[in-house]
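Okay, structure22.txt is below, compact mmCIF, C-alpha atoms:
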# COMPACT_ATOMS: atom_id res chain seq x y z
CA MET Y 1 -15.13 46.97 25.88
CA ASN Y 2 -16.70 44.21 23.84
CA ALA Y 3 -16.52 44.42 20.06
CA ALA Y 4 -19.79 45.22 18.33
CA VAL Y 5 -21.72 42.20 17.05
CA ASN Y 6 -22.25 42.18 13.28
CA PRO Y 7 -25.95 41.35 12.72
CA THR Y 8 -25.17 39.77 9.35
CA GLU Y 9 -22.66 37.38 10.92
CA SER Y 10 -25.16 36.50 13.63
CA VAL Y 11 -27.81 35.58 11.04
CA ALA Y 12 -25.31 33.51 9.05
CA ASP Y 13 -24.27 31.65 12.21
CA ASP Y 14 -27.91 30.87 12.93
CA VAL Y 15 -28.40 29.51 9.40
CA ILE Y 16 -25.28 27.36 9.64
CA ALA Y 17 -26.43 25.96 12.99
CA GLN Y 18 -29.86 25.24 11.51
CA VAL Y 19 -28.40 23.34 8.52
CA GLU Y 20 -26.00 21.42 10.75
CA ALA Y 21 -28.95 20.30 12.87
CA LEU Y 22 -30.60 18.98 9.71
CA GLY Y 23 -27.38 17.17 8.87
CA ARG Y 24 -27.11 15.48 12.26
CA ALA Y 25 -30.72 14.32 12.09
CA ALA Y 26 -30.25 13.08 8.52
CA ARG Y 27 -27.19 11.06 9.48
CA VAL Y 28 -29.12 9.28 12.24
CA ALA Y 29 -32.08 8.70 9.91
CA SER Y 30 -29.82 7.34 7.16
CA ARG Y 31 -28.74 4.46 9.41
CA ARG Y 32 -32.34 3.41 9.90
CA MET Y 33 -33.12 3.84 6.20
CA ALA Y 34 -30.21 1.57 5.26
CA GLU Y 35 -31.99 -1.26 7.13
CA ALA Y 36 -35.52 -0.41 6.00
CA GLU Y 37 -37.40 -3.24 4.32
CA PRO Y 38 -38.69 -2.73 0.76
CA GLY Y 39 -42.28 -3.05 2.02
CA ALA Y 40 -41.87 -0.14 4.43
CA LYS Y 41 -40.28 2.08 1.79
CA ASN Y 42 -43.01 1.27 -0.71
CA ALA Y 43 -45.68 1.90 1.93
CA ALA Y 44 -44.18 5.34 2.55
CA LEU Y 45 -44.23 6.13 -1.17
CA HIS Y 46 -47.88 5.12 -1.48
CA ALA Y 47 -48.73 7.14 1.65
CA ILE Y 48 -47.01 10.19 0.12
CA ALA Y 49 -48.99 9.73 -3.10
CA GLU Y 50 -52.23 9.52 -1.11
CA GLY Y 51 -51.22 12.55 0.94
CA ILE Y 52 -50.62 14.65 -2.16
CA ALA Y 53 -54.03 13.67 -3.50
CA ALA Y 54 -55.78 14.38 -0.19
CA ARG Y 55 -54.07 17.72 0.37
CA ARG Y 56 -54.28 18.99 -3.20
CA ALA Y 57 -56.10 22.15 -2.10
CA GLU Y 58 -53.42 22.97 0.50
CA LEU Y 59 -50.73 22.50 -2.12
CA ALA Y 60 -52.55 24.76 -4.55
CA GLU Y 61 -52.90 27.46 -1.88
CA ALA Y 62 -49.20 27.29 -0.94
CA ASN Y 63 -48.22 27.38 -4.59
CA SER Y 64 -50.46 30.39 -5.24
CA ARG Y 65 -48.53 32.26 -2.51
CA ASP Y 66 -45.26 31.44 -4.27
CA LEU Y 67 -46.66 32.51 -7.65
CA GLU Y 68 -47.94 35.79 -6.25
CA ALA Y 69 -44.60 36.52 -4.60
CA GLY Y 70 -42.87 35.60 -7.88
CA ARG Y 71 -44.98 38.07 -9.83
CA GLU Y 72 -44.18 40.79 -7.30
CA ARG Y 73 -40.47 39.98 -7.69
CA GLY Y 74 -40.78 40.27 -11.47
CA LEU Y 75 -40.13 36.63 -12.39
CA ASP Y 76 -40.54 36.07 -16.12
CA ALA Y 77 -43.27 33.95 -17.66
CA ALA Y 78 -40.97 30.93 -18.17
CA MET Y 79 -39.90 30.92 -14.51
CA LEU Y 80 -43.49 31.30 -13.32
CA ASP Y 81 -44.50 28.38 -15.54
CA ARG Y 82 -41.79 26.16 -14.01
CA LEU Y 83 -42.94 27.23 -10.55
CA ALA Y 84 -46.63 26.46 -11.08
CA LEU Y 85 -48.16 23.30 -9.60
CA THR Y 86 -50.99 22.67 -12.02
CA ASP Y 87 -53.49 19.85 -11.56
CA ALA Y 88 -51.65 17.90 -14.25
CA ARG Y 89 -48.31 18.33 -12.46
CA ILE Y 90 -49.79 17.27 -9.15
CA ASP Y 91 -51.20 14.17 -10.87
CA THR Y 92 -47.72 13.49 -12.29
CA MET Y 93 -46.18 13.71 -8.81
CA ILE Y 94 -48.74 11.23 -7.48
CA GLU Y 95 -48.10 8.82 -10.34
CA GLY Y 96 -44.33 9.29 -9.97
CA CYS Y 97 -44.42 8.10 -6.35
CA ARG Y 98 -46.41 5.05 -7.34
CA GLN Y 99 -44.06 4.26 -10.21
CA VAL Y 100 -40.99 4.48 -7.98
CA ALA Y 101 -42.71 2.18 -5.47
CA GLY Y 102 -43.10 -0.35 -8.28
CA LEU Y 103 -39.42 -0.34 -9.23
CA PRO Y 104 -37.11 -3.16 -8.08
CA ASP Y 105 -35.31 -2.28 -4.84
CA PRO Y 106 -31.54 -2.39 -5.44
CA VAL Y 107 -30.54 -2.29 -1.77
CA GLY Y 108 -29.12 -5.55 -0.43
CA THR Y 109 -28.70 -7.15 -3.84
CA ILE Y 110 -25.61 -9.38 -3.89
CA SER Y 111 -23.80 -10.00 -7.19
CA ASP Y 112 -20.68 -11.72 -8.52
CA MET Y 113 -20.50 -14.14 -5.57
CA ALA Y 114 -17.72 -16.61 -6.24
CA TYR Y 115 -15.53 -19.07 -4.34
CA GLN Y 116 -11.87 -18.12 -4.02
CA PRO Y 117 -8.96 -20.60 -3.79
CA SER Y 118 -8.94 -20.16 -0.02
CA GLY Y 119 -12.52 -21.43 0.16
CA ILE Y 120 -14.14 -18.11 1.09
CA GLN Y 121 -16.96 -16.69 -1.03
CA VAL Y 122 -16.58 -13.06 -2.17
CA GLY Y 123 -19.23 -10.88 -3.77
CA GLN Y 124 -20.59 -7.35 -3.80
CA MET Y 125 -23.69 -5.91 -2.15
CA ARG Y 126 -25.57 -2.76 -3.16
CA VAL Y 127 -25.97 -0.33 -0.27
CA PRO Y 128 -27.25 3.26 0.03
CA LEU Y 129 -24.87 6.20 -0.31
CA GLY Y 130 -26.11 7.58 3.03
CA VAL Y 131 -27.16 11.24 3.13
CA ILE Y 132 -27.79 13.03 -0.17
CA GLY Y 133 -27.97 16.82 -0.38
CA ILE Y 134 -29.98 18.08 -3.35
CA ILE Y 135 -29.86 21.73 -4.39
CA TYR Y 136 -32.32 22.79 -7.07
CA GLU Y 137 -34.22 25.72 -8.56
CA SER Y 138 -37.84 26.71 -9.07
CA ARG Y 139 -39.61 23.43 -9.93
CA PRO Y 140 -41.36 22.18 -6.75
CA ASN Y 141 -42.07 18.81 -8.38
CA VAL Y 142 -38.34 18.08 -7.97
CA THR Y 143 -39.02 17.90 -4.23
CA ILE Y 144 -41.18 14.81 -4.76
CA ASP Y 145 -38.96 13.27 -7.46
CA ALA Y 146 -35.84 13.59 -5.32
CA ALA Y 147 -37.53 12.45 -2.11
CA ALA Y 148 -39.04 9.39 -3.78
CA LEU Y 149 -35.77 8.22 -5.36
CA CYS Y 150 -33.71 8.81 -2.22
CA LEU Y 151 -36.30 7.07 -0.04
CA LYS Y 152 -36.56 4.02 -2.31
CA SER Y 153 -32.77 3.66 -2.49
CA GLY Y 154 -32.52 3.69 1.32
CA ASN Y 155 -30.92 7.12 1.64
CA ALA Y 156 -31.75 10.16 3.74
CA ALA Y 157 -32.12 13.45 1.85
CA ILE Y 158 -31.67 17.13 2.63
CA LEU Y 159 -33.46 19.19 -0.01
CA ARG Y 160 -32.69 22.85 -0.66
CA GLY Y 161 -35.14 24.20 -3.22
CA GLY Y 162 -35.23 27.66 -4.76
CA SER Y 163 -36.40 30.57 -2.62
CA GLU Y 164 -39.21 31.22 -5.10
CA ALA Y 165 -40.81 27.84 -4.22
CA LEU Y 166 -40.46 27.99 -0.43
CA HIS Y 167 -44.16 27.65 0.48
CA SER Y 168 -44.77 24.88 -2.06
CA ASN Y 169 -41.72 22.93 -0.89
CA GLN Y 170 -42.65 23.25 2.79
CA ALA Y 171 -46.15 21.96 2.04
CA LEU Y 172 -44.70 19.00 0.15
CA ALA Y 173 -42.21 18.34 2.97
CA ALA Y 174 -45.06 18.05 5.46
CA ILE Y 175 -46.77 15.47 3.23
CA ILE Y 176 -43.54 13.49 2.74
CA GLN Y 177 -42.74 13.39 6.44
CA ALA Y 178 -46.28 12.33 7.31
CA GLY Y 179 -45.98 9.49 4.80
CA LEU Y 180 -42.66 8.37 6.29
CA GLU Y 181 -44.09 8.30 9.81
CA GLN Y 182 -47.18 6.42 8.62
CA ALA Y 183 -44.87 3.69 7.26
CA GLY Y 184 -42.84 3.55 10.48
CA LEU Y 185 -39.80 5.29 8.99
CA PRO Y 186 -37.99 8.34 10.44
CA ARG Y 187 -39.48 11.65 9.32
CA GLU Y 188 -35.94 13.08 9.24
CA ALA Y 189 -35.20 10.79 6.26
CA VAL Y 190 -36.41 13.67 4.06
CA GLN Y 191 -35.91 17.23 5.24
CA VAL Y 192 -36.40 20.49 3.35
CA VAL Y 193 -34.16 23.40 4.33
CA PRO Y 194 -36.64 25.91 5.79
CA THR Y 195 -34.75 29.11 4.99
CA THR Y 196 -34.20 31.10 1.78
CA ASP Y 197 -30.87 32.47 3.04
CA ARG Y 198 -28.10 31.70 0.53
CA ALA Y 199 -25.79 30.90 3.44
CA ALA Y 200 -27.72 27.63 3.77
CA VAL Y 201 -26.29 26.41 0.46
CA GLY Y 202 -22.74 27.14 1.55
CA ALA Y 203 -23.34 25.41 4.87
CA LEU Y 204 -24.73 22.31 3.14
CA LEU Y 205 -21.68 22.13 0.88
CA ARG Y 206 -19.31 22.16 3.86
CA MET Y 207 -20.74 19.27 5.91
CA PRO Y 208 -18.84 16.13 4.81
CA GLN Y 209 -19.34 14.73 8.31
CA TYR Y 210 -23.09 14.59 7.67
CA VAL Y 211 -23.58 14.58 3.87
CA ASP Y 212 -22.13 11.94 1.52
CA VAL Y 213 -22.95 13.38 -1.90
CA ILE Y 214 -24.41 16.57 -3.39
CA VAL Y 215 -26.68 16.64 -6.45
CA PRO Y 216 -27.27 20.09 -8.01
CA ARG Y 217 -30.20 20.47 -10.40
CA GLY Y 218 -30.53 23.77 -12.18
CA GLY Y 219 -28.73 26.22 -14.42
CA LYS Y 220 -25.03 26.34 -15.19
CA GLY Y 221 -24.42 29.10 -12.60
CA LEU Y 222 -25.81 26.97 -9.77
CA ILE Y 223 -23.86 23.88 -10.84
CA GLU Y 224 -20.60 25.83 -11.20
CA ARG Y 225 -21.03 27.30 -7.72
CA VAL Y 226 -21.72 23.90 -6.19
CA SER Y 227 -18.77 22.30 -8.03
CA ASN Y 228 -16.38 25.07 -6.96
CA GLU Y 229 -17.43 25.30 -3.31
CA SER Y 230 -18.39 21.77 -2.32
CA GLN Y 231 -16.23 19.81 0.10
CA ILE Y 232 -18.44 16.80 -0.71
CA PRO Y 233 -18.46 14.66 -3.90
CA VAL Y 234 -20.87 16.06 -6.52
CA ILE Y 235 -22.98 14.21 -9.10
CA LYS Y 236 -23.56 16.68 -11.92
CA HIS Y 237 -23.20 17.82 -15.51
CA LEU Y 238 -22.42 21.38 -16.58
CA ASP Y 239 -23.36 21.53 -20.27
CA GLY Y 240 -25.32 19.56 -22.82
CA VAL Y 241 -23.43 20.14 -26.07
CA CYS Y 242 -24.80 17.09 -27.89
CA HIS Y 243 -23.96 15.98 -31.44
CA VAL Y 244 -25.45 13.91 -34.21
CA TYR Y 245 -22.99 12.68 -36.85
CA VAL Y 246 -24.41 11.68 -40.24
CA ASP Y 247 -21.89 9.14 -41.50
CA GLY Y 248 -20.95 8.35 -45.08
CA GLY Y 249 -22.81 5.07 -44.60
CA ALA Y 250 -26.01 6.64 -43.30
CA ASP Y 251 -29.54 6.03 -44.53
CA LEU Y 252 -30.50 9.67 -45.20
CA ASP Y 253 -34.19 9.17 -44.39
CA LYS Y 254 -33.19 7.87 -40.95
CA ALA Y 255 -30.65 10.65 -40.61
CA LEU Y 256 -33.25 13.32 -41.35
CA ALA Y 257 -35.72 11.90 -38.84
CA VAL Y 258 -33.07 11.59 -36.11
CA ALA Y 259 -31.57 15.04 -36.68
CA VAL Y 260 -34.91 16.88 -36.78
CA ASN Y 261 -36.14 15.11 -33.65
CA ALA Y 262 -32.87 15.64 -31.78
CA LYS Y 263 -33.06 19.38 -32.46
CA THR Y 264 -36.76 20.23 -32.39
CA GLN Y 265 -38.57 17.73 -30.12
CA ARG Y 266 -37.74 20.09 -27.24
CA TYR Y 267 -35.26 22.95 -27.30
CA GLY Y 268 -34.47 23.71 -23.67
CA THR Y 269 -33.15 20.32 -22.52
CA CYS Y 270 -29.61 19.11 -21.89
CA ASN Y 271 -30.00 16.21 -24.36
CA THR Y 272 -31.03 18.35 -27.34
CA MET Y 273 -28.64 18.30 -30.33
CA GLU Y 274 -26.67 21.55 -30.61
CA THR Y 275 -24.18 20.61 -33.38
CA LEU Y 276 -24.71 18.45 -36.46
CA LEU Y 277 -21.75 16.85 -38.21
CA VAL Y 278 -22.18 15.57 -41.78
CA HIS Y 279 -19.80 13.43 -43.83
CA ALA Y 280 -18.63 15.26 -46.96
CA ASP Y 281 -19.96 12.46 -49.21
CA GLN Y 282 -23.52 13.01 -47.89
CA ALA Y 283 -23.52 16.78 -47.45
CA GLU Y 284 -24.58 17.88 -50.96
CA VAL Y 285 -27.75 15.77 -50.81
CA PHE Y 286 -28.50 15.83 -47.08
CA LEU Y 287 -27.98 19.44 -46.05
CA PRO Y 288 -30.63 21.01 -48.35
CA ARG Y 289 -33.18 18.44 -47.15
CA LEU Y 290 -32.28 19.17 -43.53
CA ALA Y 291 -32.40 22.94 -44.01
CA ALA Y 292 -35.88 22.69 -45.51
CA ALA Y 293 -37.13 20.50 -42.67
CA LEU Y 294 -35.65 22.73 -39.96
CA GLY Y 295 -36.97 25.81 -41.73
CA GLU Y 296 -40.49 24.58 -40.96
CA HIS Y 297 -39.53 24.79 -37.27
CA GLN Y 298 -37.92 28.25 -37.64
CA VAL Y 299 -34.51 26.91 -36.59
CA SER Y 300 -31.64 29.32 -37.31
CA LEU Y 301 -28.54 27.73 -38.84
CA ARG Y 302 -24.85 28.49 -38.37
CA GLY Y 303 -22.36 26.62 -40.49
CA CYS Y 304 -18.76 26.09 -41.53
CA ALA Y 305 -17.57 27.37 -44.90
CA ARG Y 306 -18.39 24.10 -46.70
CA THR Y 307 -21.87 24.00 -45.18
CA ARG Y 308 -22.59 27.58 -46.22
CA ALA Y 309 -21.33 26.97 -49.76
CA ILE Y 310 -23.63 23.96 -50.18
CA LEU Y 311 -26.69 25.73 -48.76
CA ALA Y 312 -26.08 28.96 -50.67
CA GLY Y 313 -27.34 27.21 -53.80
CA SER Y 314 -30.69 26.42 -52.16
CA GLY Y 315 -31.19 29.97 -50.95
CA THR Y 316 -30.92 29.03 -47.28
CA ASP Y 317 -30.04 31.85 -44.91
CA ILE Y 318 -27.16 30.55 -42.78
CA ALA Y 319 -24.73 32.51 -40.63
CA GLU Y 320 -21.03 31.75 -40.37
CA ALA Y 321 -20.18 29.49 -37.44
CA THR Y 322 -17.42 30.72 -35.16
CA GLU Y 323 -15.29 28.76 -32.72
CA ASP Y 324 -17.75 29.73 -29.98
CA ASP Y 325 -20.60 27.98 -31.81
CA TRP Y 326 -18.90 24.60 -31.53
CA VAL Y 327 -19.05 24.82 -27.71
CA ALA Y 328 -22.44 26.55 -27.46
CA GLU Y 329 -25.40 25.05 -25.61
CA TYR Y 330 -28.08 27.14 -27.32
CA LEU Y 331 -31.12 25.69 -25.51
CA GLY Y 332 -33.15 27.23 -28.31
CA PRO Y 333 -33.93 26.98 -32.07
CA ILE Y 334 -30.32 27.38 -33.27
CA LEU Y 335 -28.13 24.68 -34.80
CA ALA Y 336 -24.43 24.65 -35.70
CA ILE Y 337 -23.44 22.49 -38.69
CA ARG Y 338 -20.02 21.27 -39.81
CA VAL Y 339 -19.03 19.14 -42.79
CA VAL Y 340 -16.31 16.61 -41.90
CA ASP Y 341 -14.08 14.43 -44.06
CA ASP Y 342 -14.45 11.15 -42.22
CA LEU Y 343 -15.34 9.37 -38.97
CA ASP Y 344 -12.05 10.30 -37.34
CA MET Y 345 -12.64 14.00 -37.95
CA ALA Y 346 -16.15 13.69 -36.53
CA MET Y 347 -14.98 11.92 -33.38
CA ASP Y 348 -12.14 14.39 -32.92
CA HIS Y 349 -14.64 17.28 -33.13
CA ILE Y 350 -16.96 15.66 -30.57
CA ASN Y 351 -14.19 14.83 -28.11
CA THR Y 352 -12.69 18.32 -28.49
CA TYR Y 353 -15.81 20.51 -28.33
CA GLY Y 354 -18.47 18.31 -26.71
CA SER Y 355 -19.52 18.21 -23.08
CA HIS Y 356 -19.39 14.40 -22.72
CA HIS Y 357 -23.19 14.25 -22.39
CA THR Y 358 -24.83 12.49 -25.37
CA ASP Y 359 -23.67 11.92 -28.95
CA SER Y 360 -25.13 9.85 -31.77
CA ILE Y 361 -23.98 8.40 -35.09
CA VAL Y 362 -26.35 7.63 -37.96
CA THR Y 363 -24.88 4.87 -40.11
CA GLU Y 364 -25.61 1.49 -41.66
CA ASP Y 365 -21.94 0.53 -41.29
CA TYR Y 366 -21.73 -1.24 -37.95
CA THR Y 367 -17.93 -1.45 -38.01
CA ARG Y 368 -17.85 2.35 -37.91
CA ALA Y 369 -20.72 2.37 -35.41
CA ARG Y 370 -18.72 0.18 -33.02
CA ARG Y 371 -15.67 2.46 -33.39
CA PHE Y 372 -17.87 5.45 -32.55
CA LEU Y 373 -19.25 3.68 -29.47
CA ARG Y 374 -15.76 2.88 -28.20
CA ALA Y 375 -14.00 6.13 -29.02
CA VAL Y 376 -16.52 8.87 -28.20
CA ASP Y 377 -15.99 9.84 -24.57
CA SER Y 378 -19.55 10.66 -23.51
CA SER Y 379 -21.94 9.39 -20.85
CA SER Y 380 -24.40 8.23 -23.52
CA VAL Y 381 -23.34 7.19 -27.04
CA MET Y 382 -25.99 6.15 -29.55
CA VAL Y 383 -26.38 4.53 -32.96
CA ASN Y 384 -29.27 5.54 -35.23
CA ALA Y 385 -31.22 7.19 -32.41
CA SER Y 386 -32.09 10.72 -31.31
CA THR Y 387 -30.08 12.23 -28.47
CA ARG Y 388 -33.42 13.07 -26.83
CA PHE Y 389 -33.56 9.46 -25.58
CA ALA Y 390 -30.85 10.22 -22.97
CA ASP Y 391 -33.27 10.12 -20.07
CA GLY Y 392 -33.78 7.89 -17.04
CA PHE Y 393 -37.36 7.02 -17.93
CA GLU Y 394 -36.45 6.20 -21.55
CA TYR Y 395 -33.57 4.02 -20.32
CA GLY Y 396 -35.92 1.95 -18.19
CA LEU Y 397 -34.70 3.39 -14.89
CA GLY Y 398 -38.23 4.53 -14.02
CA ALA Y 399 -36.99 7.97 -13.03
CA GLU Y 400 -33.77 9.89 -12.62
CA ILE Y 401 -32.35 12.33 -10.12
CA GLY Y 402 -30.15 13.93 -12.79
CA ILE Y 403 -27.57 13.19 -15.46
CA SER Y 404 -23.88 12.86 -14.68
CA THR Y 405 -21.05 13.48 -17.12
CA ASP Y 406 -18.48 12.55 -14.48
CA LYS Y 407 -16.79 9.15 -14.55
CA LEU Y 408 -16.99 8.55 -10.78
CA HIS Y 409 -19.26 7.38 -9.25
CA ALA Y 410 -22.25 7.45 -11.60
CA ARG Y 411 -22.37 8.32 -15.30
CA GLY Y 412 -25.34 9.15 -17.51
CA PRO Y 413 -28.92 9.24 -16.15
CA VAL Y 414 -28.79 8.57 -12.40
CA GLY Y 415 -31.58 6.33 -11.15
CA LEU Y 416 -31.90 4.10 -8.10
CA ASN Y 417 -28.68 2.17 -8.77
CA GLY Y 418 -26.80 5.46 -9.12
CA LEU Y 419 -27.94 6.40 -5.61
CA THR Y 420 -26.31 3.27 -4.21
CA THR Y 421 -22.75 2.03 -4.01
CA LEU Y 422 -21.12 -1.37 -3.64
CA LYS Y 423 -19.34 -2.99 -0.75
CA TYR Y 424 -17.61 -6.35 -0.70
CA VAL Y 425 -19.20 -9.13 1.33
CA VAL Y 426 -17.31 -12.27 2.33
CA PHE Y 427 -18.72 -15.59 3.53
CA GLY Y 428 -16.56 -18.15 5.28
CA ASP Y 429 -16.95 -21.12 7.59
CA GLY Y 430 -14.31 -20.49 10.20
CA HIS Y 431 -11.73 -19.76 7.52
CA VAL Y 432 -8.42 -18.25 8.61
CA ARG Y 433 -5.64 -16.96 6.41
CA GLY Y 434 -2.49 -19.06 6.38
Show how you would write the structure in this file as structure tokens.
Amino acid sequence: MNAAVNPTESVADDVIAQVEALGRAARVASRRMAEAEPGAKNAALHAIAEGIAARRAELAEANSRDLEAGRERGLDAAMLDRLALTDARIDTMIEGCRQVAGLPDPVGTISDMAYQPSGIQVGQMRVPLGVIGIIYESRPNVTIDAAALCLKSGNAAILRGGSEALHSNQALAAIIQAGLEQAGLPREAVQVVPTTDRAAVGALLRMPQYVDVIVPRGGKGLIERVSNESQIPVIKHLDGVCHVYVDGGADLDKALAVAVNAKTQRYGTCNTMETLLVHADQAEVFLPRLAAALGEHQVSLRGCARTRAILAGSGTDIAEATEDDWVAEYLGPILAIRVVDDLDMAMDHINTYGSHHTDSIVTEDYTRARRFLRAVDSSSVMVNASTRFADGFEYGLGAEIGISTDKLHARGPVGLNGLTTLKYVVFGDGHVRG
């Protein structure tokens, strides 16, 4: 007698087979994309932009279905806002495609070409990574951002968006694939996983034969799952515990502007300052000024004993900072403050408690600034600038697919170059090795 078939296992097998089919098609498409001329890739990007504009009503209708389903599921207002494709966001997607089309194409660039003693010439060429799997949540505009960057850098992409944005993402996928075909490129160069089944994520993470790198974009839970389960290299960051250190040699007007901007320009981003470090020589003067400025933004403060003692005299309400506060990514109007004795103590705090994302020193002493740049082990290290500048657009990359705090293969904001790798190229003239 045959064993009973488990319906759940049958569904999971179907999902795995479906994702593997996407992977096989992406691998074939990636080989064509690696040879695609810049003109064809740019034509596809412009066709996608035109398609979004022409099918705006269809996108709005698909998005309204997602929003209605989200309300029925009880999604909160913040999640619904991230899910919404407003006219302004659609315009931004259109402009984003055009901007990426205008960026220099890194693929095929040869650098460091030099003659060797044998007479051969050796250099390095930029080439696509191959197939990129991108797993993300809620925001359907990520579908266009990711597709545009992968396309321009000569890669194929498999996109797995959040279940709450399924209709919006499928509508965008149709536009992207039409744009690829119009430019003579394979439609399978960008594919959106068509199922909401969570088994699809697991399947995507276990296909090293088809996928070369995974990029998760979303909350810490998603990124931890991807990092723990993936059999494929991952480009990611987990936390954004960013610091500003006000040095003993700081201009306090600059320090105030940088610190307030780093904390309050936007709270819910990975490059927002979460801990402020202040040199003991500056603390008595600087901290009351800072507390007053942050009070106008309703920022709650948590401080070390020295910080609390200084601010007690100005009547500032400040809670005691615990060990947990030094590693907290608040993503809200809360700031931890610590008074430190010197630059070494500041750098030790950052390297111990930070997340290797973005850290800044405010100082007029460039000897100490250079030490900070060398010794702080973060993907972005700044002098006299707000941590909020840690962004692909602000760095002149045009756009980014994410930020990496890893050291291999990309670090910091990941733009077009970060979606390529290098291979050695050698030119000879009948040379043989003796």
Using all atoms listed in the file, determine which residues lie at most 10 Å from Pro216 (chain Y), disregarding the query and same-chain residues fewer than 5 positions distant; provide the list as a PDB file with C-alpha atoms, in the frame of the given file.
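Below is the file that was written, part.pdb:
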ATOM      1  CA  GLY Y 133     -27.970  16.820  -0.380  1.00  0.00           C
ATOM      2  CA  ILE Y 134     -29.980  18.080  -3.350  1.00  0.00           C
ATOM      3  CA  ILE Y 135     -29.860  21.730  -4.390  1.00  0.00           C
ATOM      4  CA  TYR Y 136     -32.320  22.790  -7.070  1.00  0.00           C
ATOM      5  CA  GLU Y 137     -34.220  25.720  -8.560  1.00  0.00           C
ATOM      6  CA  ARG Y 160     -32.690  22.850  -0.660  1.00  0.00           C
ATOM      7  CA  LEU Y 222     -25.810  26.970  -9.770  1.00  0.00           C
ATOM      8  CA  ILE Y 223     -23.860  23.880 -10.840  1.00  0.00           C
ATOM      9  CA  GLU Y 224     -20.600  25.830 -11.200  1.00  0.00           C
ATOM     10  CA  ARG Y 225     -21.030  27.300  -7.720  1.00  0.00           C
ATOM     11  CA  VAL Y 226     -21.720  23.900  -6.190  1.00  0.00           C
ATOM     12  CA  SER Y 227     -18.770  22.300  -8.030  1.00  0.00           C
ATOM     13  CA  VAL Y 234     -20.870  16.060  -6.520  1.00  0.00           C
ATOM     14  CA  ILE Y 235     -22.980  14.210  -9.100  1.00  0.00           C
ATOM     15  CA  LYS Y 236     -23.560  16.680 -11.920  1.00  0.00           C
ATOM     16  CA  HIS Y 237     -23.200  17.820 -15.510  1.00  0.00           C
ATOM     17  CA  LEU Y 238     -22.420  21.380 -16.580  1.00  0.00           C
ATOM     18  CA  ILE Y 401     -32.350  12.330 -10.120  1.00  0.00           C
ATOM     19  CA  GLY Y 402     -30.150  13.930 -12.790  1.00  0.00           C
TER      20      GLY Y 402
END
Excluding Leu22 (chain Y) and its own-chain neighbours fewer than 5 positions away, which residues fall within 8 Å of it when counting all atoms listed in the file? Please give them as a tab-separated table (two decimals) with C-alpha atoms, in the coordinates of the input.
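To be explicit, this is the file written out as selection30.tsv:
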chain	number	residue	atom	x	y	z
Y	158	ILE	CA	-31.67	17.13	2.63
Y	188	GLU	CA	-35.94	13.08	9.24
Y	191	GLN	CA	-35.91	17.23	5.24
Y	193	VAL	CA	-34.16	23.40	4.33
Do a neighbour search on Gly418 (chain Y) at 9 Å with all atoms listed in the file, toss out local chain neighbours closer than 6 positions, and write the hits as a VMD selection string. chain Y and resid 400 to 401 409 to 411
Provide the CA of Ala62 (chain Y) to CA of Gly219 (chain Y) distance in Å, to one decimal place. 24.5 Å
Quick one: of Y:Tyr330, Y:Phe427, Y:Tyr353, Y:Phe389, who's nearest to Gly268 (chain Y), counting only C-alpha atoms? Y:Tyr330
Given the choices Y:Ala78, Y:Leu59, Y:Leu103, Y:Ala178, which gets closest to Gly39 (chain Y) if the distance is worked out from all atoms listed in the file?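 Closest to Gly39 (chain Y) of all the choices is Y:Leu103.
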Identify the residues within 9 Å of coordinate (-15.7, 21.6, -39.9) (same frame as the file), considering only C-alpha atoms, and give the answer as a ChimeraX atom specification. /Y:277,303-307,337-341,345-346,349
Mind writing the picked residues with C-alpha atoms as an mmCIF file, in the coordinates of the input?
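So the final result, stored in result-v4.cif, reads:
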data_model
loop_
_atom_site.group_PDB
_atom_site.id
_atom_site.type_symbol
_atom_site.label_atom_id
_atom_site.label_comp_id
_atom_site.auth_asym_id
_atom_site.auth_seq_id
_atom_site.Cartn_x
_atom_site.Cartn_y
_atom_site.Cartn_z
ATOM 1 C CA LEU Y 277 -21.750 16.850 -38.210
ATOM 2 C CA GLY Y 303 -22.360 26.620 -40.490
ATOM 3 C CA CYS Y 304 -18.760 26.090 -41.530
ATOM 4 C CA ALA Y 305 -17.570 27.370 -44.900
ATOM 5 C CA ARG Y 306 -18.390 24.100 -46.700
ATOM 6 C CA THR Y 307 -21.870 24.000 -45.180
ATOM 7 C CA ILE Y 337 -23.440 22.490 -38.690
ATOM 8 C CA ARG Y 338 -20.020 21.270 -39.810
ATOM 9 C CA VAL Y 339 -19.030 19.140 -42.790
ATOM 10 C CA VAL Y 340 -16.310 16.610 -41.900
ATOM 11 C CA ASP Y 341 -14.080 14.430 -44.060
ATOM 12 C CA MET Y 345 -12.640 14.000 -37.950
ATOM 13 C CA ALA Y 346 -16.150 13.690 -36.530
ATOM 14 C CA HIS Y 349 -14.640 17.280 -33.130
#
